[in-house]
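**Student:** I have a structure I would like to understand better, so I am pasting it below and will then ask my questions one at a time.
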Amino acid sequence: MDLRVVAGVTGYRQVLVVKSREAAANPALREVTFRVSGDGVRLRNGARAGIEAVDGKGELVFASSGASMWDSPVPAAVAAGADDARRAAAQADRVASEGGEPTPRRLVDMPVRVSASGLTVRPDVAMLTAADTVFPVFIDPPFSKPSPVHWTNVMNRNPNHAYYGEYSDIRVGRQWQTSDVWRSHMQFNIAEMAGSTIISSSMHITADHTADCASTSIELWQTARFDNPSTYTWYNDSDGDWMARVDTETFSANESTCPKADDPGEFTGSLKTKLQAQATSKAPTMSFGLRATSESNQYEWTRFIASSVSFQATYNRPPNTPTNQAITDCYLNCTSNPLIGRKDPELSVFATDPDAATILTVYFEVQTSTGVPVASGVKTGYASGPTKPAQPAKWRVTPLLGDGSYRWRARSKDEQGSYSGWTTNWFAFTTDSTAPAPPTISPTDPALYFQDDGSGACSGGLGAYGYFALSGESSVAQFTWALDGGSYSSPITPTGTTTKTATILVQPLKDMVRTLHVRAYDGAGRYGETSHEFRVCSPEPQAGHWKLDNRSDDEDIVTQPHFLGGGGLSQFVQNRYAAEEYTMSESAVAYLPANQTVLPLTGDDAIQRIDLPFPIRFYGGSYTEAWIDTNGILSFAAMTESLKWYEELPYGPDEGGSSVSPAAFPFWADLRIDAQSSIRTAVSGSAPNRVFVVEWRNVNVYGDPASRLSFEVQLAESGKVVFAYADVDADNPIENGWVSMTGIQNAVGTKAVKPVYGRVRSDVGFTFTPTGFSTPDYPEGYREARFDATSGEKLTTNVPVLATGLNPETNLRRSFAVAGWIRVTDTSTSRTAISQQGANRSMFELGYQAGSFNNYCFTMSAADAVTATTVRACATAPVIVGEWVHLAGVYDGPAGTMTLSVHHKDAEWFVDPARTEVVTQPFTSVWDATGTFTIGGAFTGASFDGDIDEVWAWQRAPEQSEIEFLAAN
């Protein structure tokens with residue numbers, strides 16, 4: 001059973017739906033109580049089993065004619081055993097329903113009892129238990145707003161006088177002891193009933209006074225519409241406005257003589273029929289008139305309470321025309337005569353009803369394109385209302401259709417048997433169950449990825465692209481393809497008319513025999529399928545070598561063209577930077593005030609060590625710290641005392657240099673930092689174009705209080721050095737540099753660059769640019785790749801380099817190895833130098849592992865899953881930040897072991913056997929890592945921070961002697 005509540009502006013309904021005969025047997029249905037509450041209103045019993053809701057003054061607010069119950073429409077077929085009359089009625093109902101009219105139903109009234117907190121009805125047990133009752137059964141106590149839109153009285157003695165608003169009561173009949181004959185007219189708004197089916201209707205009114213104790217006879221008529229009661233008169237009333245009598249009722253309410261109280265009455269008669277006609281014609285209003293049966297008899301005189309009038313109706317509006325026709329088994333085109341590959345496509349529409357909480361039955365009809373019906377179906381129990389439900393009503397066509405052209409439409413029916421119109425348009429579609437013939441596949445280059453003939457001949461390699469030409473018949477609309485058991489590609493639209501063709505680019509990420517699957521689809525989604533087997537060459541034993549010196553040969557040289565890319569790596573450096581020479585220019589330069597940090601340097605002859613914000617390249621070295629002297633010196637070597645007297649800088653290799661080296665001397669003199677002076681630092685720009693500034697601001701030349709100036713050293717990340725000056729008195733030889741030293745000097749005091757004396761001015765500066773690079777003395781001979789973890793820099797091949805899974809032909813584990821020189825500069829987190837990725841994690845990682853390991857490790861994952869187990873072979877010797885080490889990770893497939901080799905160099909760049917470590921762990925859970933080969937990072941985690949050089953990859957397990965040879969040479 002369901003309880004449905006429908007509320008509107010003029011009334012509300014509570015309908016109890018008894019869905020089955022089993023539910024009807026529930027003892028709780030012998031008496032049903034609806035709990036009632038209201039704000040400022042109360043219920044009371046009205047006339048003739050009616051119910052009234054009145055306010056605190058007793059004025060009528062809502063009213064009900066009582067409660068009624070009815071069963072569902074008579075079905076198309078009557079159960080065996082019904083009498084002939086019942087069968088005839090059912091047959092008549094079937095004929096009526098086929099014509100689009102709702103099936104009649106049985107309607108009975110129920111007694112109603114009102115209490116302070118509820119409204120109790122007693123359903124008709126005979127209907128609930130009758131064998132011919134059609135379920136569901138509906139139990140409904142309706143309430144409605146009583147007042148008409150407007151009403152007025154008219155009187156014969158003043159036929160042209162409008163009495164609108166002059167009397168508060170409704171007057172009918174010959175007025176007592178006069179010849180005045182009164183009639184009353186009222187008009188109701190019924191627009192919301194337009195097109196609906198009227199189930200029941202009644203007019204309710206209460207007599208306040210009758211002329212005699214005997215009953216008066218009052219007639220209810222349907223009258224002509226009147227929209228302006230303020231001008232309506234007896235004259236208007238008498239010109240044919242009385243269209244048809246509806247019903248006659250008697251009233252007796254003479255308080256003084258009988259005495260009798262107010263007498264409520266109910267008109268029914270032909271009211272339902274008249275109202276149905278108005279609703280069918282979609283009339284917005286309905287007008288009524290009250291008159292005495294005998295207008296010459298003064299004993300028929302009756303006055304009614306105007307506020308007691310209520311026009312009540314139970315009606316059902318037909319469902320809306322279904323919308324949003326769709327066919328769900330389409331492929332390319334789903335709207336304009338789609339081509340369907342199934343003989344039983346699924347049809348769908350959205351069906352709605354203007355009444356809330358309605359259960360609809362949706363009917364589907366399929367015809368050939370010429371109008372011959374071929375199939376029909378029903379979707380029952382479709383819950384709907386004024387707005388579209390979440391899902392459409394669906395029906396899959398049965399019986400199966402043949403190939404051809406069809407059309408379909410739909411309509412719906414509500415629980416009261418009212419039908420919607422058919423969908424506005426027919427939906428056309430065509431069925432075609434014949435699939436295209438299998439397509440053909442051929443490589444565009446006959447020498448690359450040709451058909452495997454079993455001879456073992458191979459071509460291409462891991463990640464090497466190959467083009468294939470596809471060809472299909474004229475009905476083909478799309479191609480898709482998949483490699484091995486992978487997902488199929490997005491659809492590819494072919495070209496051509498008689499023959500449809502397309503070219504695809506395939507990149508195998510595994511070696512040995514691969515299978516290319518191709519499907520050719522027609523417009524209905526049917527497809528023909530074929531495959532092409534080809535053999536991909538396995539990686540060579542020496543699979544890759546990356547020198548990382550940023551030269552033209554910086555690629556995987558051996559056999560596979562694995563060019564490096566990605567990550568935005570911008571620096572290929574010489575860790576032992578060797579700028580043999582600097583050139584100097586004298587020109588205007590920007591003075592950069594250092595306003596970030598003030599060093600605690602004051603007084604005379606003081607020095608302080610500082611950490612440099614980034615490695616500074618200077619005369620062949622790379623420095624991370626410096627010493628600042630109040631006397632205008634910046635030294636990259638430790639100073640133990642301040643030097644007030646400047647020393648000469650060398651002009652050539654045979655000359656002795658300053659005792660401070662390597663160093664920059666922007667203004668070396670005996671200077672004093674007093675209360676008006678300071679030494680400051682600042683950093684500007686971003687990597688790799690940062691500049692570190694050290695400024696001596698407003699310093700005083702010792703012994704000459706009038707001599708003050710500001711100057712600075714600008715140290716660029718590129719190795720360039722700039723001296724800039726401010727507040728220099730051009731006429732003061734002390735400030736012009738006649739008694740100071742300006743210039744730069746190398747680490748051993750054999751080379752220097754300096755201007756001539758007396759060239760210090762505010763409008764120019766000195767720029768020292770490094771030129772000429774010597775080959776540093778370490779293994780790779782050129783440069784190495786520098787990685788900045790903060791920028792997420794890394795290098796990738798974008799394809800796998802190593803085959804890491806089982807050999808698909810022997811099902812045996814395969815060996816592989818990687819190696820390289822690394823220098824870690826940040827050990828705050830794990831730093832992977834070399835790895836190869838899967839779909840969810842790295843297969844292996846070689847580099848520094850933080851945490852409890854805190855050492856160099858070779859790590860392998862047991863599966864391509866985020867939560868997979870990892871196995872690590874790790875060194876034990878302490879890690880020295882900034883030290884070059886040679887790492888190698890070797891996986892021996894047949895042995896099922898993984899080995900880490902760590903080689904360190906001594907001071908003269910020979911392998912230090914005392915610090916060499918070789919660690920081996922068992923590992924057998926290999927899998928195909930078909931992602932990128934990466935230098936400077938892993939699948940997850942922080943990027944590498946430091947330098948990497950001379951990376952190797954092997955599709956074999958090299959001997960330990962080979963690893964040692966690489967480390968030594």
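Identifiers for the structure tokens are assigned positionally: chains receive A, B, ... in sequence, residues are indexed from 1 per chain, and ligands are indexed from 1 in the order shown.
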Contacts of stretch 818-831 of chain A at 7 Å or less, counting only C-alpha atoms, minus same-chain residues fewer than 3 places along, as a PDB file with C-alpha atoms, in the first residue's frame?
**Tutor:**
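Done, and the output landed in part.pdb:
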```pdb
ATOM      1  CA  GLY A 847      70.680   5.607  -6.160  1.00  0.00           C
ATOM      2  CA  TYR A 848      70.609   6.925  -2.612  1.00  0.00           C
ATOM      3  CA  GLN A 849      67.977   5.582  -0.200  1.00  0.00           C
ATOM      4  CA  ALA A 850      67.128   7.738   2.853  1.00  0.00           C
ATOM      5  CA  VAL A 881      77.646  14.271   0.460  1.00  0.00           C
ATOM      6  CA  GLY A 882      79.185  15.699  -2.697  1.00  0.00           C
ATOM      7  CA  GLU A 883      81.507  12.724  -3.317  1.00  0.00           C
ATOM      8  CA  TRP A 884      81.665  11.017  -6.713  1.00  0.00           C
ATOM      9  CA  VAL A 885      80.883   7.276  -6.533  1.00  0.00           C
ATOM     10  CA  HIS A 886      80.361   4.644  -9.204  1.00  0.00           C
ATOM     11  CA  LEU A 887      77.167   2.586  -8.714  1.00  0.00           C
ATOM     12  CA  ALA A 888      76.105  -0.557 -10.595  1.00  0.00           C
ATOM     13  CA  GLY A 889      72.928  -2.598 -10.199  1.00  0.00           C
ATOM     14  CA  VAL A 890      72.993  -6.090 -11.770  1.00  0.00           C
ATOM     15  CA  ALA A 942      61.885  13.403  -5.224  1.00  0.00           C
ATOM     16  CA  SER A 943      64.094  14.003  -8.231  1.00  0.00           C
ATOM     17  CA  PHE A 944      67.828  13.533  -8.051  1.00  0.00           C
ATOM     18  CA  ASP A 945      69.840  16.414  -6.625  1.00  0.00           C
ATOM     19  CA  GLY A 946      73.466  16.511  -7.789  1.00  0.00           C
ATOM     20  CA  ASP A 947      75.460  15.253 -10.784  1.00  0.00           C
ATOM     21  CA  ILE A 948      75.234  12.081 -12.900  1.00  0.00           C
ATOM     22  CA  ASP A 949      77.642  10.914 -15.597  1.00  0.00           C
ATOM     23  CA  GLU A 950      78.484   7.968 -17.877  1.00  0.00           C
ATOM     24  CA  VAL A 951      75.280   5.894 -17.578  1.00  0.00           C
ATOM     25  CA  TRP A 952      75.300   2.339 -19.003  1.00  0.00           C
ATOM     26  CA  ALA A 953      72.551  -0.249 -19.545  1.00  0.00           C
ATOM     27  CA  TRP A 954      73.013  -3.946 -20.449  1.00  0.00           C
TER      28      TRP A 954
END
```
**Student:** Could you build a table of the residues in stretch 837-949 of chain A lying no more than 10 Å from stretch 456-479 of chain A, giving for each the nearest pair of atoms and their separation in Å rounded to one decimal place, using only C-alpha atoms, ordered by chain and ascending residue number, as a tab-separated table?
**Tutor:**
```
residue	atom	partner	partner_atom	distance
A:Thr930	CA	A:Leu462	CA	8.8
A:Gly931	CA	A:Gly463	CA	9.6
A:Thr932	CA	A:Gly463	CA	9.4
```
**Student:** Atom CA of A:Asp124 and atom CA of A:Gly417 are how many Å apart?
**Tutor:** 22.2 Å
**Student:** Write out as a list in words which residues come within 9 Å of stretch 837-845 of chain A when counting only C-alpha atoms, dropping same-chain ones fewer than 4 positions away.
**Tutor:**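 The neighbour list is Pro800, Thr804, Thr832, Ala833, Cys857, Phe858, Thr859, Met860, Ser861, Ala862, Ala863, Asp864, Ala865, Val866, Ala868, Gly889, Val926, Trp927, Asp928, Ala929, Thr930, Gly931, Thr932, Phe933, Thr934, Gly937, Ala938, Phe939 and Thr940 of chain A.
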**Student:** Show me a table, sorted first by chain and then by increasing residue number, of the residues of stretch 228-290 of chain A having an atom at most 9 Å from stretch 168-183 of chain A, each with its shortest atom pair and the distance in Å to one decimal, counting only C-alpha atoms and written as JSON lines.
**Tutor:**
```
{"residue": "A:Trp234", "atom": "CA", "partner": "A:Arg183", "partner_atom": "CA", "distance": 8.2}
{"residue": "A:Asp237", "atom": "CA", "partner": "A:Arg183", "partner_atom": "CA", "distance": 8.6}
{"residue": "A:Gly289", "atom": "CA", "partner": "A:Arg183", "partner_atom": "CA", "distance": 7.2}
{"residue": "A:Leu290", "atom": "CA", "partner": "A:Arg183", "partner_atom": "CA", "distance": 5.9}
```
**Student:** For those residues, write N, CA, C and O atoms to a file as a short mmCIF file (atom, residue, chain, number, x, y, z; two decimals), in the first residue's frame.
**Tutor:**
```
data_model
loop_
_atom_site.label_atom_id
_atom_site.label_comp_id
_atom_site.auth_asym_id
_atom_site.auth_seq_id
_atom_site.Cartn_x
_atom_site.Cartn_y
_atom_site.Cartn_z
N TRP A 234 -30.47 41.29 -13.87
CA TRP A 234 -31.57 40.40 -14.25
C TRP A 234 -31.75 40.42 -15.76
O TRP A 234 -32.07 39.42 -16.37
N ASP A 237 -29.37 38.10 -17.11
CA ASP A 237 -29.75 36.77 -16.66
C ASP A 237 -30.85 36.18 -17.54
O ASP A 237 -30.91 34.97 -17.75
N GLY A 289 -25.92 28.79 -11.81
CA GLY A 289 -26.99 29.64 -11.28
C GLY A 289 -27.88 28.86 -10.34
O GLY A 289 -28.10 27.66 -10.53
N LEU A 290 -28.40 29.54 -9.32
CA LEU A 290 -29.36 28.95 -8.39
C LEU A 290 -30.70 29.68 -8.57
O LEU A 290 -30.74 30.91 -8.60
#
```
**Student:** As a ChimeraX atom specification, please: every residue in stretch 504-549 of chain A that a backbone DSSP assignment puts in strand (DSSP E or B).
**Tutor:** /A:504-506,512-521,527-536,542-546
**Student:** Generate the output file for the selected residues, N, CA and C atoms, as a PDB file, in the first residue's frame.
**Tutor:**
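As written to disk, selection.pdb reads:
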```pdb
ATOM      1  N   ILE A 504      48.297   3.573 -39.412  1.00  0.00           N
ATOM      2  CA  ILE A 504      48.461   3.700 -37.970  1.00  0.00           C
ATOM      3  C   ILE A 504      49.936   3.596 -37.608  1.00  0.00           C
ATOM      4  N   LEU A 505      50.307   4.212 -36.489  1.00  0.00           N
ATOM      5  CA  LEU A 505      51.673   4.194 -35.979  1.00  0.00           C
ATOM      6  C   LEU A 505      51.691   3.357 -34.706  1.00  0.00           C
ATOM      7  N   VAL A 506      52.487   2.296 -34.700  1.00  0.00           N
ATOM      8  CA  VAL A 506      52.510   1.335 -33.602  1.00  0.00           C
ATOM      9  C   VAL A 506      53.880   1.382 -32.940  1.00  0.00           C
ATOM     10  N   MET A 512      60.248  -9.714 -28.974  1.00  0.00           N
ATOM     11  CA  MET A 512      59.834 -11.009 -29.500  1.00  0.00           C
ATOM     12  C   MET A 512      58.481 -10.891 -30.213  1.00  0.00           C
ATOM     13  N   VAL A 513      57.716 -11.984 -30.309  1.00  0.00           N
ATOM     14  CA  VAL A 513      56.524 -11.993 -31.165  1.00  0.00           C
ATOM     15  C   VAL A 513      55.421 -11.143 -30.548  1.00  0.00           C
ATOM     16  N   ARG A 514      54.943 -10.173 -31.306  1.00  0.00           N
ATOM     17  CA  ARG A 514      53.843  -9.288 -30.917  1.00  0.00           C
ATOM     18  C   ARG A 514      52.689  -9.486 -31.893  1.00  0.00           C
ATOM     19  N   THR A 515      51.459  -9.245 -31.426  1.00  0.00           N
ATOM     20  CA  THR A 515      50.276  -9.418 -32.268  1.00  0.00           C
ATOM     21  C   THR A 515      49.501  -8.113 -32.353  1.00  0.00           C
ATOM     22  N   LEU A 516      49.312  -7.637 -33.570  1.00  0.00           N
ATOM     23  CA  LEU A 516      48.523  -6.425 -33.827  1.00  0.00           C
ATOM     24  C   LEU A 516      47.121  -6.840 -34.254  1.00  0.00           C
ATOM     25  N   HIS A 517      46.114  -6.432 -33.491  1.00  0.00           N
ATOM     26  CA  HIS A 517      44.710  -6.735 -33.784  1.00  0.00           C
ATOM     27  C   HIS A 517      44.052  -5.495 -34.381  1.00  0.00           C
ATOM     28  N   VAL A 518      43.289  -5.664 -35.452  1.00  0.00           N
ATOM     29  CA  VAL A 518      42.600  -4.545 -36.106  1.00  0.00           C
ATOM     30  C   VAL A 518      41.143  -4.924 -36.330  1.00  0.00           C
ATOM     31  N   ARG A 519      40.250  -4.001 -36.012  1.00  0.00           N
ATOM     32  CA  ARG A 519      38.815  -4.161 -36.264  1.00  0.00           C
ATOM     33  C   ARG A 519      38.350  -3.089 -37.243  1.00  0.00           C
ATOM     34  N   ALA A 520      37.486  -3.501 -38.174  1.00  0.00           N
ATOM     35  CA  ALA A 520      36.882  -2.572 -39.141  1.00  0.00           C
ATOM     36  C   ALA A 520      35.390  -2.495 -38.842  1.00  0.00           C
ATOM     37  N   TYR A 521      34.910  -1.326 -38.399  1.00  0.00           N
ATOM     38  CA  TYR A 521      33.517  -1.135 -37.990  1.00  0.00           C
ATOM     39  C   TYR A 521      32.706  -0.490 -39.105  1.00  0.00           C
ATOM     40  N   TYR A 527      31.629  -5.342 -36.713  1.00  0.00           N
ATOM     41  CA  TYR A 527      33.009  -5.235 -37.170  1.00  0.00           C
ATOM     42  C   TYR A 527      33.548  -6.574 -37.663  1.00  0.00           C
ATOM     43  N   GLY A 528      34.487  -6.464 -38.610  1.00  0.00           N
ATOM     44  CA  GLY A 528      35.304  -7.589 -39.016  1.00  0.00           C
ATOM     45  C   GLY A 528      36.675  -7.425 -38.386  1.00  0.00           C
ATOM     46  N   GLU A 529      37.332  -8.530 -38.030  1.00  0.00           N
ATOM     47  CA  GLU A 529      38.573  -8.455 -37.271  1.00  0.00           C
ATOM     48  C   GLU A 529      39.639  -9.345 -37.888  1.00  0.00           C
ATOM     49  N   THR A 530      40.882  -8.887 -37.831  1.00  0.00           N
ATOM     50  CA  THR A 530      42.015  -9.684 -38.273  1.00  0.00           C
ATOM     51  C   THR A 530      43.222  -9.330 -37.418  1.00  0.00           C
ATOM     52  N   SER A 531      44.330 -10.072 -37.569  1.00  0.00           N
ATOM     53  CA  SER A 531      45.522  -9.828 -36.764  1.00  0.00           C
ATOM     54  C   SER A 531      46.773 -10.023 -37.611  1.00  0.00           C
ATOM     55  N   HIS A 532      47.880  -9.461 -37.101  1.00  0.00           N
ATOM     56  CA  HIS A 532      49.172  -9.507 -37.793  1.00  0.00           C
ATOM     57  C   HIS A 532      50.249  -9.760 -36.743  1.00  0.00           C
ATOM     58  N   GLU A 533      50.991 -10.866 -36.862  1.00  0.00           N
ATOM     59  CA  GLU A 533      52.055 -11.198 -35.935  1.00  0.00           C
ATOM     60  C   GLU A 533      53.400 -10.777 -36.516  1.00  0.00           C
ATOM     61  N   PHE A 534      54.241 -10.145 -35.666  1.00  0.00           N
ATOM     62  CA  PHE A 534      55.568  -9.738 -36.098  1.00  0.00           C
ATOM     63  C   PHE A 534      56.524  -9.877 -34.919  1.00  0.00           C
ATOM     64  N   ARG A 535      57.811 -10.022 -35.211  1.00  0.00           N
ATOM     65  CA  ARG A 535      58.810 -10.255 -34.178  1.00  0.00           C
ATOM     66  C   ARG A 535      59.627  -8.984 -33.965  1.00  0.00           C
ATOM     67  N   VAL A 536      59.676  -8.523 -32.701  1.00  0.00           N
ATOM     68  CA  VAL A 536      60.432  -7.335 -32.311  1.00  0.00           C
ATOM     69  C   VAL A 536      61.795  -7.779 -31.785  1.00  0.00           C
ATOM     70  N   GLN A 542      74.682  -4.946 -24.967  1.00  0.00           N
ATOM     71  CA  GLN A 542      75.015  -3.596 -24.497  1.00  0.00           C
ATOM     72  C   GLN A 542      73.892  -2.687 -24.982  1.00  0.00           C
ATOM     73  N   ALA A 543      72.922  -2.443 -24.110  1.00  0.00           N
ATOM     74  CA  ALA A 543      71.673  -1.827 -24.539  1.00  0.00           C
ATOM     75  C   ALA A 543      71.720  -0.310 -24.595  1.00  0.00           C
ATOM     76  N   GLY A 544      72.617   0.320 -23.854  1.00  0.00           N
ATOM     77  CA  GLY A 544      72.615   1.775 -23.869  1.00  0.00           C
ATOM     78  C   GLY A 544      73.824   2.378 -23.194  1.00  0.00           C
ATOM     79  N   HIS A 545      74.228   3.569 -23.684  1.00  0.00           N
ATOM     80  CA  HIS A 545      75.336   4.300 -23.074  1.00  0.00           C
ATOM     81  C   HIS A 545      75.075   5.792 -23.257  1.00  0.00           C
ATOM     82  N   TRP A 546      74.956   6.493 -22.144  1.00  0.00           N
ATOM     83  CA  TRP A 546      74.683   7.924 -22.176  1.00  0.00           C
ATOM     84  C   TRP A 546      75.865   8.664 -21.542  1.00  0.00           C
TER      85      TRP A 546
END
```
**Student:** Skipping near chain neighbours, those fewer than 2 positions away, what residues fall within 7 Å of A:Ile679 using only C-alpha atoms, listed as a list in words?
**Tutor:**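 Selected residues are Val598, Leu599, Leu601, Glu695, Trp696 and Arg697 of chain A.
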**Student:** Could you write those residues out with N, CA, C and O atoms, as a PDB file, in the first residue's frame?
**Tutor:**
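Dumped to selection_36.pdb:
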```pdb
ATOM      1  N   VAL A 598      72.477  41.903   6.537  1.00  0.00           N
ATOM      2  CA  VAL A 598      73.572  42.750   7.018  1.00  0.00           C
ATOM      3  C   VAL A 598      74.515  41.867   7.839  1.00  0.00           C
ATOM      4  O   VAL A 598      74.101  41.243   8.822  1.00  0.00           O
ATOM      5  N   LEU A 599      75.773  41.777   7.395  1.00  0.00           N
ATOM      6  CA  LEU A 599      76.733  40.946   8.106  1.00  0.00           C
ATOM      7  C   LEU A 599      77.197  41.653   9.378  1.00  0.00           C
ATOM      8  O   LEU A 599      77.348  42.878   9.410  1.00  0.00           O
ATOM      9  N   LEU A 601      79.783  42.636  10.676  1.00  0.00           N
ATOM     10  CA  LEU A 601      81.170  43.093  10.546  1.00  0.00           C
ATOM     11  C   LEU A 601      81.236  44.583  10.845  1.00  0.00           C
ATOM     12  O   LEU A 601      80.579  45.387  10.176  1.00  0.00           O
ATOM     13  N   GLU A 695      78.043  43.710  -0.748  1.00  0.00           N
ATOM     14  CA  GLU A 695      78.169  45.167  -0.853  1.00  0.00           C
ATOM     15  C   GLU A 695      78.845  45.744   0.401  1.00  0.00           C
ATOM     16  O   GLU A 695      78.453  45.424   1.525  1.00  0.00           O
ATOM     17  N   TRP A 696      79.870  46.584   0.170  1.00  0.00           N
ATOM     18  CA  TRP A 696      80.460  47.407   1.226  1.00  0.00           C
ATOM     19  C   TRP A 696      79.795  48.788   1.090  1.00  0.00           C
ATOM     20  O   TRP A 696      80.058  49.520   0.133  1.00  0.00           O
ATOM     21  N   ARG A 697      78.911  49.142   1.999  1.00  0.00           N
ATOM     22  CA  ARG A 697      78.100  50.350   1.828  1.00  0.00           C
ATOM     23  C   ARG A 697      78.657  51.499   2.697  1.00  0.00           C
ATOM     24  O   ARG A 697      78.777  51.348   3.912  1.00  0.00           O
TER      25      ARG A 697
END
```
